[in-house]
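Let me begin by presenting the structure, written as structure tokens, before commenting on it.
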Amino acid sequence: MEKIQEKIRKLAKEKGYMILAHNYQIKEIQEIADHLGDSLQLARLATKLNAEKILFLGVDFMAETIKMLNPEKKVIVPVKAATCPMANSLDPEMIIEAKKKYNAPFVIYVNSTMKSKMYADVACTSANAVEIVKKLNSDVVLFGPDKNLAAYVARKTGKKVIPVPGETGYCYVHNYIKIDDVLKLKQKYPDAKVISHPEVPEEIQKVSDYIGSTSQMEKIPGEIEDKKFIIVTEKDMVNKLKNKYKEKEFIPVDTAICNNMKKNTLKNVLKALENEEFEIEIDKEIADKAVLPIKKMFELME
Ligand code: 13P
Ligand code: SF4
């Protein structure tokens, strides 16, 4: 471990912070986390934590979800501006309008704002979107904001899944991965299996051997004999895989970088612990409503 990493670990222990980080954090941050996971794992963990203080390393909607589930705990982040542009592409008005037009349940991807969550019926993450939609007692479902995940869910469930806002709802990191780049990697590594995140465009989903959230991506190499994998998601995901499966080879898509996830650095993580800021503050009235679809999601998963 580098000196600064040791300092961070020591200070977190002294001040009683539990460090939670998302799988897309840089390798050096992954190494200092108490828990590293995908959106679902981190949200679930948040309901069971016995630490009073949490340092969260990811983007804002994830930190807000943790705070909503633990309103009494102190949740801090190093950079307030680490946000998710896709989450910000869905407005409450779009949900209200779509529900009026189609009279169908609205499934909101956890990558969304608190204000939008207030108007949804149930939340989901990429790990459980198919399961949640299957369990709903409706053949027509409104889904947002990610149109690519919506298309994946439609294919897997056979239901009519209407994406909201539609064409403009996507993650730029995944949506702009080029099919040609994936095909070139497949050509270069013909014996590699392709594992993709469901936020990639449908044409890439269709040439993939496996599709799953970042935690599901982590399980697959342990379940099959194959030794080489092309990982079609944010490029830092491969750090976790390389660390876990030392005898296997993981090939990233080097162009897939989430700039917001990269706003967290070892330097500002240390500063966050020193100053115990920036604290996530949420409006109680909004949070009390926004947490309901998340609780409904947990209920449906039982
Ligand atoms: P996961 O829930 O699969 O970790 O995905 C979160 C995310 O932001 C994907 O871009
Ligand atoms: Fe948002 Fe995409 Fe970054 Fe995930 S990878 S946080 S969906 S911008």
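Naming scheme: A, B, ... for chains in displayed order of the structure tokens; residues 1 onward per chain; ligands 1 onward as shown.
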For the interface of chain A with ligand 1 (cut-off 6 Å, counting only C-alpha atoms and all ligand atoms), please tabulate each contacting residue of chain A alongside its nearest pair of atoms and their separation in Å to one decimal, rows sorted by chain and increasing number, as a tab-separated table.
residue	atom	partner	partner_atom_place_in_ligand_line	distance
A:Asp38	CA	ligand 1	4 (O)	3.4
A:Ser39	CA	ligand 1	2 (O)	3.8
A:Leu40	CA	ligand 1	2 (O)	5.9
A:Thr125	CA	ligand 1	2 (O)	5.6
A:Ser126	CA	ligand 1	2 (O)	5.3
A:Ser213	CA	ligand 1	3 (O)	3.4
A:Thr214	CA	ligand 1	3 (O)	4.0
Save the residues we just selected, N, CA and C atoms, as a JSON list (two decimals), in the first residue's frame?
[["chain", "number", "residue", "atom", "x", "y", "z"],
["A", 38, "ASP", "N", -21.51, -3.29, -6.39],
["A", 38, "ASP", "CA", -22.36, -2.65, -7.38],
["A", 38, "ASP", "C", -23.47, -1.90, -6.65],
["A", 39, "SER", "N", -24.35, -1.24, -7.40],
["A", 39, "SER", "CA", -25.39, -0.41, -6.77],
["A", 39, "SER", "C", -26.27, -1.20, -5.81],
["A", 40, "LEU", "N", -26.63, -2.41, -6.21],
["A", 40, "LEU", "CA", -27.52, -3.20, -5.37],
["A", 40, "LEU", "C", -26.81, -3.65, -4.09],
["A", 125, "THR", "N", -32.07, -2.10, -9.89],
["A", 125, "THR", "CA", -30.69, -1.83, -10.31],
["A", 125, "THR", "C", -30.45, -2.73, -11.52],
["A", 126, "SER", "N", -29.25, -2.65, -12.10],
["A", 126, "SER", "CA", -29.02, -3.51, -13.27],
["A", 126, "SER", "C", -28.96, -4.98, -12.84],
["A", 213, "SER", "N", -24.88, -6.92, -14.20],
["A", 213, "SER", "CA", -24.39, -5.78, -13.42],
["A", 213, "SER", "C", -22.93, -6.02, -13.07],
["A", 214, "THR", "N", -22.29, -5.05, -12.46],
["A", 214, "THR", "CA", -20.86, -5.24, -12.18],
["A", 214, "THR", "C", -20.62, -6.38, -11.19]]
Hey, which residues come within 10 Å of ligand 2 if we count only C-alpha atoms and all ligand atoms? Could you give them as a ChimeraX atom specification?
/A:22,24,39,58-62,82-88,109-112,145-146,170-175,197,199-200,233-235,256-262
Between A:Lys267, A:Lys160, A:Lys206, A:Lys289, which has the minimum distance to Lys3 in chain A (counting only C-alpha atoms)?
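Distance minimum relative to Lys3 in chain A lands on A:Lys267.
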Can you list, as a list of chain:residue names, every protein, DNA or RNA residue that comes within 12 Å of Asn275 in chain A when you count only C-alpha atoms, leaving out same-chain residues fewer than 2 positions away?
A:Leu11, A:Ala12, A:Lys15, A:Leu55, A:Ile76, A:Val77, A:Pro78, A:Asn268, A:Val269, A:Leu270, A:Lys271, A:Ala272, A:Leu273, A:Glu277, A:Phe278, A:Glu279
Would you put the residues from that selection into a file with C-alpha atoms, as a compact mmCIF listing (two decimals), in the first residue's frame?
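The new file selection-v2.txt reads:
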# COMPACT_ATOMS: atom_id res chain seq x y z
CA LEU A 11 -7.75 7.95 9.80
CA ALA A 12 -10.94 6.08 8.80
CA LYS A 15 -12.66 8.52 13.21
CA LEU A 55 -17.41 7.63 3.55
CA ILE A 76 -19.75 11.99 3.49
CA VAL A 77 -18.31 12.18 -0.04
CA PRO A 78 -15.04 13.80 -1.20
CA ASN A 268 -9.48 14.28 -1.85
CA VAL A 269 -10.48 11.09 0.00
CA LEU A 270 -7.86 11.91 2.64
CA LYS A 271 -9.08 15.51 2.81
CA ALA A 272 -12.69 14.32 3.19
CA LEU A 273 -11.68 12.28 6.23
CA GLU A 277 -16.99 16.61 4.71
CA PHE A 278 -18.87 16.91 2.37
CA GLU A 279 -21.88 15.64 4.21
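If only C-alpha atoms are the atoms counted, then among A:Ala81, A:Met118, A:Leu266, A:Leu45 the closest residue to Ile29 in chain A is A:Leu266.
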Excluding range 48-50 of chain A and any residue of its chain fewer than 4 positions from it, enumerate the residues within 12 Å of it, using only C-alpha atoms, and give them as a compact mmCIF listing (two decimals) with all heavy atoms, in the first residue's frame.
# COMPACT_ATOMS: atom_id res chain seq x y z
N GLY A 16 -13.82 6.39 12.94
CA GLY A 16 -14.99 5.52 12.89
C GLY A 16 -15.76 5.53 11.58
O GLY A 16 -16.98 5.36 11.56
N TYR A 17 -15.05 5.72 10.47
CA TYR A 17 -15.73 5.70 9.16
C TYR A 17 -15.61 4.33 8.50
O TYR A 17 -14.54 3.73 8.48
CB TYR A 17 -15.10 6.73 8.21
CG TYR A 17 -15.66 8.11 8.42
CD1 TYR A 17 -15.07 8.98 9.33
CD2 TYR A 17 -16.79 8.54 7.73
CE1 TYR A 17 -15.59 10.25 9.55
CE2 TYR A 17 -17.33 9.80 7.94
CZ TYR A 17 -16.72 10.65 8.85
OH TYR A 17 -17.25 11.89 9.07
N MET A 18 -16.71 3.91 7.92
CA MET A 18 -16.70 2.71 7.07
C MET A 18 -16.59 3.24 5.64
O MET A 18 -17.33 4.14 5.26
CB MET A 18 -18.03 1.98 7.28
CG MET A 18 -18.31 0.87 6.34
SD MET A 18 -17.81 -0.74 6.90
CE MET A 18 -18.64 -0.99 8.41
N ILE A 19 -15.66 2.69 4.86
CA ILE A 19 -15.50 3.18 3.48
C ILE A 19 -16.19 2.24 2.50
O ILE A 19 -15.83 1.06 2.39
CB ILE A 19 -14.00 3.33 3.09
CG1 ILE A 19 -13.27 4.23 4.11
CG2 ILE A 19 -13.86 3.87 1.67
CD1 ILE A 19 -11.80 4.46 3.82
N LEU A 20 -17.20 2.77 1.79
CA LEU A 20 -17.91 1.99 0.77
C LEU A 20 -17.56 2.58 -0.59
O LEU A 20 -17.58 3.80 -0.75
CB LEU A 20 -19.42 2.08 0.96
CG LEU A 20 -20.02 1.69 2.30
CD1 LEU A 20 -21.54 1.68 2.21
CD2 LEU A 20 -19.53 0.33 2.74
N ASP A 34 -13.57 -0.63 2.54
CA ASP A 34 -13.99 -1.75 3.39
C ASP A 34 -14.90 -2.66 2.58
O ASP A 34 -14.89 -3.88 2.74
CB ASP A 34 -14.78 -1.23 4.61
CG ASP A 34 -13.90 -0.49 5.58
OD1 ASP A 34 -12.98 -1.12 6.11
OD2 ASP A 34 -14.11 0.72 5.78
N HIS A 35 -15.74 -2.03 1.75
CA HIS A 35 -16.65 -2.79 0.89
C HIS A 35 -16.66 -2.16 -0.49
O HIS A 35 -16.81 -0.94 -0.62
CB HIS A 35 -18.08 -2.78 1.45
CG HIS A 35 -18.19 -3.45 2.77
ND1 HIS A 35 -18.22 -4.81 2.90
CD2 HIS A 35 -18.24 -2.94 4.01
CE1 HIS A 35 -18.31 -5.12 4.19
NE2 HIS A 35 -18.31 -4.00 4.88
N GLN A 41 -25.60 -4.15 -4.25
CA GLN A 41 -24.84 -4.60 -3.06
C GLN A 41 -24.65 -3.46 -2.08
O GLN A 41 -24.80 -3.63 -0.88
CB GLN A 41 -23.47 -5.13 -3.48
CG GLN A 41 -23.52 -6.46 -4.18
CD GLN A 41 -22.15 -6.85 -4.69
OE1 GLN A 41 -21.38 -6.01 -5.17
NE2 GLN A 41 -21.83 -8.13 -4.62
N LEU A 42 -24.31 -2.28 -2.60
CA LEU A 42 -24.04 -1.14 -1.72
C LEU A 42 -25.33 -0.68 -1.02
O LEU A 42 -25.32 -0.36 0.16
CB LEU A 42 -23.40 0.01 -2.50
CG LEU A 42 -22.00 -0.30 -3.07
CD1 LEU A 42 -21.53 0.78 -4.02
CD2 LEU A 42 -20.97 -0.48 -1.95
N ALA A 43 -26.45 -0.69 -1.75
CA ALA A 43 -27.72 -0.28 -1.13
C ALA A 43 -28.15 -1.30 -0.08
O ALA A 43 -28.59 -0.93 1.01
CB ALA A 43 -28.79 -0.14 -2.21
N ARG A 44 -27.97 -2.56 -0.39
CA ARG A 44 -28.34 -3.62 0.56
C ARG A 44 -27.51 -3.54 1.82
O ARG A 44 -28.00 -3.63 2.93
CB ARG A 44 -28.09 -4.98 -0.09
CG ARG A 44 -29.33 -5.53 -0.73
CD ARG A 44 -29.04 -6.96 -1.05
NE ARG A 44 -30.26 -7.70 -1.22
CZ ARG A 44 -30.35 -8.76 -2.00
NH1 ARG A 44 -29.30 -9.16 -2.67
NH2 ARG A 44 -31.47 -9.41 -2.10
N ILE A 54 -20.20 6.94 7.37
CA ILE A 54 -19.86 6.28 6.11
C ILE A 54 -19.17 7.27 5.18
O ILE A 54 -19.65 8.39 4.99
CB ILE A 54 -21.14 5.75 5.42
CG1 ILE A 54 -21.82 4.70 6.31
CG2 ILE A 54 -20.83 5.17 4.04
CD1 ILE A 54 -23.27 4.45 5.95
N ILE A 66 -27.88 5.60 -0.01
CA ILE A 66 -27.37 5.15 1.29
C ILE A 66 -27.90 6.05 2.41
O ILE A 66 -28.35 5.56 3.45
CB ILE A 66 -25.84 5.09 1.25
CG1 ILE A 66 -25.44 3.91 0.36
CG2 ILE A 66 -25.24 4.93 2.65
CD1 ILE A 66 -23.99 3.77 0.09
N LYS A 67 -27.91 7.35 2.17
CA LYS A 67 -28.41 8.28 3.18
C LYS A 67 -29.92 8.08 3.41
O LYS A 67 -30.38 8.09 4.56
CB LYS A 67 -28.11 9.72 2.74
CG LYS A 67 -28.58 10.78 3.70
CD LYS A 67 -27.77 10.82 4.99
CE LYS A 67 -28.29 11.87 5.95
NZ LYS A 67 -27.61 11.85 7.23
N LEU A 69 -31.58 5.40 3.15
CA LEU A 69 -31.79 4.16 3.91
C LEU A 69 -31.24 4.25 5.33
O LEU A 69 -31.55 3.43 6.18
CB LEU A 69 -31.17 2.97 3.16
CG LEU A 69 -31.85 2.61 1.84
CD1 LEU A 69 -30.97 1.70 1.00
CD2 LEU A 69 -33.20 1.95 2.08
N ASN A 70 -30.40 5.25 5.56
CA ASN A 70 -29.78 5.45 6.89
C ASN A 70 -29.84 6.92 7.28
O ASN A 70 -28.79 7.57 7.45
CB ASN A 70 -28.30 5.06 6.84
CG ASN A 70 -28.10 3.60 6.55
OD1 ASN A 70 -28.12 2.78 7.44
ND2 ASN A 70 -27.93 3.28 5.29
N GLU A 72 -30.20 8.49 9.86
CA GLU A 72 -29.57 8.88 11.13
C GLU A 72 -28.04 8.83 11.05
O GLU A 72 -27.34 9.30 11.95
CB GLU A 72 -30.10 8.01 12.28
CG GLU A 72 -29.61 6.57 12.34
CD GLU A 72 -30.00 5.69 11.14
OE1 GLU A 72 -30.91 6.03 10.34
OE2 GLU A 72 -29.38 4.63 11.00
N LYS A 73 -27.50 8.26 9.96
CA LYS A 73 -26.03 8.13 9.86
C LYS A 73 -25.41 9.32 9.13
O LYS A 73 -26.07 9.95 8.31
CB LYS A 73 -25.67 6.84 9.14
CG LYS A 73 -26.09 5.65 9.96
CD LYS A 73 -25.52 4.36 9.46
CE LYS A 73 -25.92 3.34 10.48
NZ LYS A 73 -26.05 2.06 10.32
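Using only C-alpha atoms for every distance, the candidate list A:Val253, A:Ile96, A:Ile108, A:Ala120 yields A:Ile108 as the residue closest to Pro163 in chain A.
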Tell me which protein, DNA and RNA residues are within 9 Å of Lys159 in chain A, counting only C-alpha atoms, leaving out same-chain ones fewer than 4 positions away, and put them as a VMD selection string.
chain A and resid 133 to 134 138 to 141 153 to 155
For each of A:Ala129, A:Ile32, A:Leu300, A:Ala51, take the minimum atom-to-atom distance to Lys156 in chain A, counting only C-alpha atoms, then give the residue where this is smallest.
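Closest to Lys156 in chain A of all the choices is A:Ala129.
Computed from the coordinates, the CA of Glu31 in chain A to CA of Lys74 in chain A distance equals 22.5 Å.
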Atom-to-atom span, CA of Met297 in chain A and CA of Lys147 in chain A, Å:
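Between CA of Met297 in chain A and CA of Lys147 in chain A the gap works out to 19.7 Å.
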Identify, on the basis of only C-alpha atoms, every residue whose closest approach to Lys246 in chain A does not exceed 12 Å; exclude the query and any residue fewer than 4 positions from it along the same chain; express the result as a PyMOL selection string.
chain A and resi 221-222+227-228+238-242+250
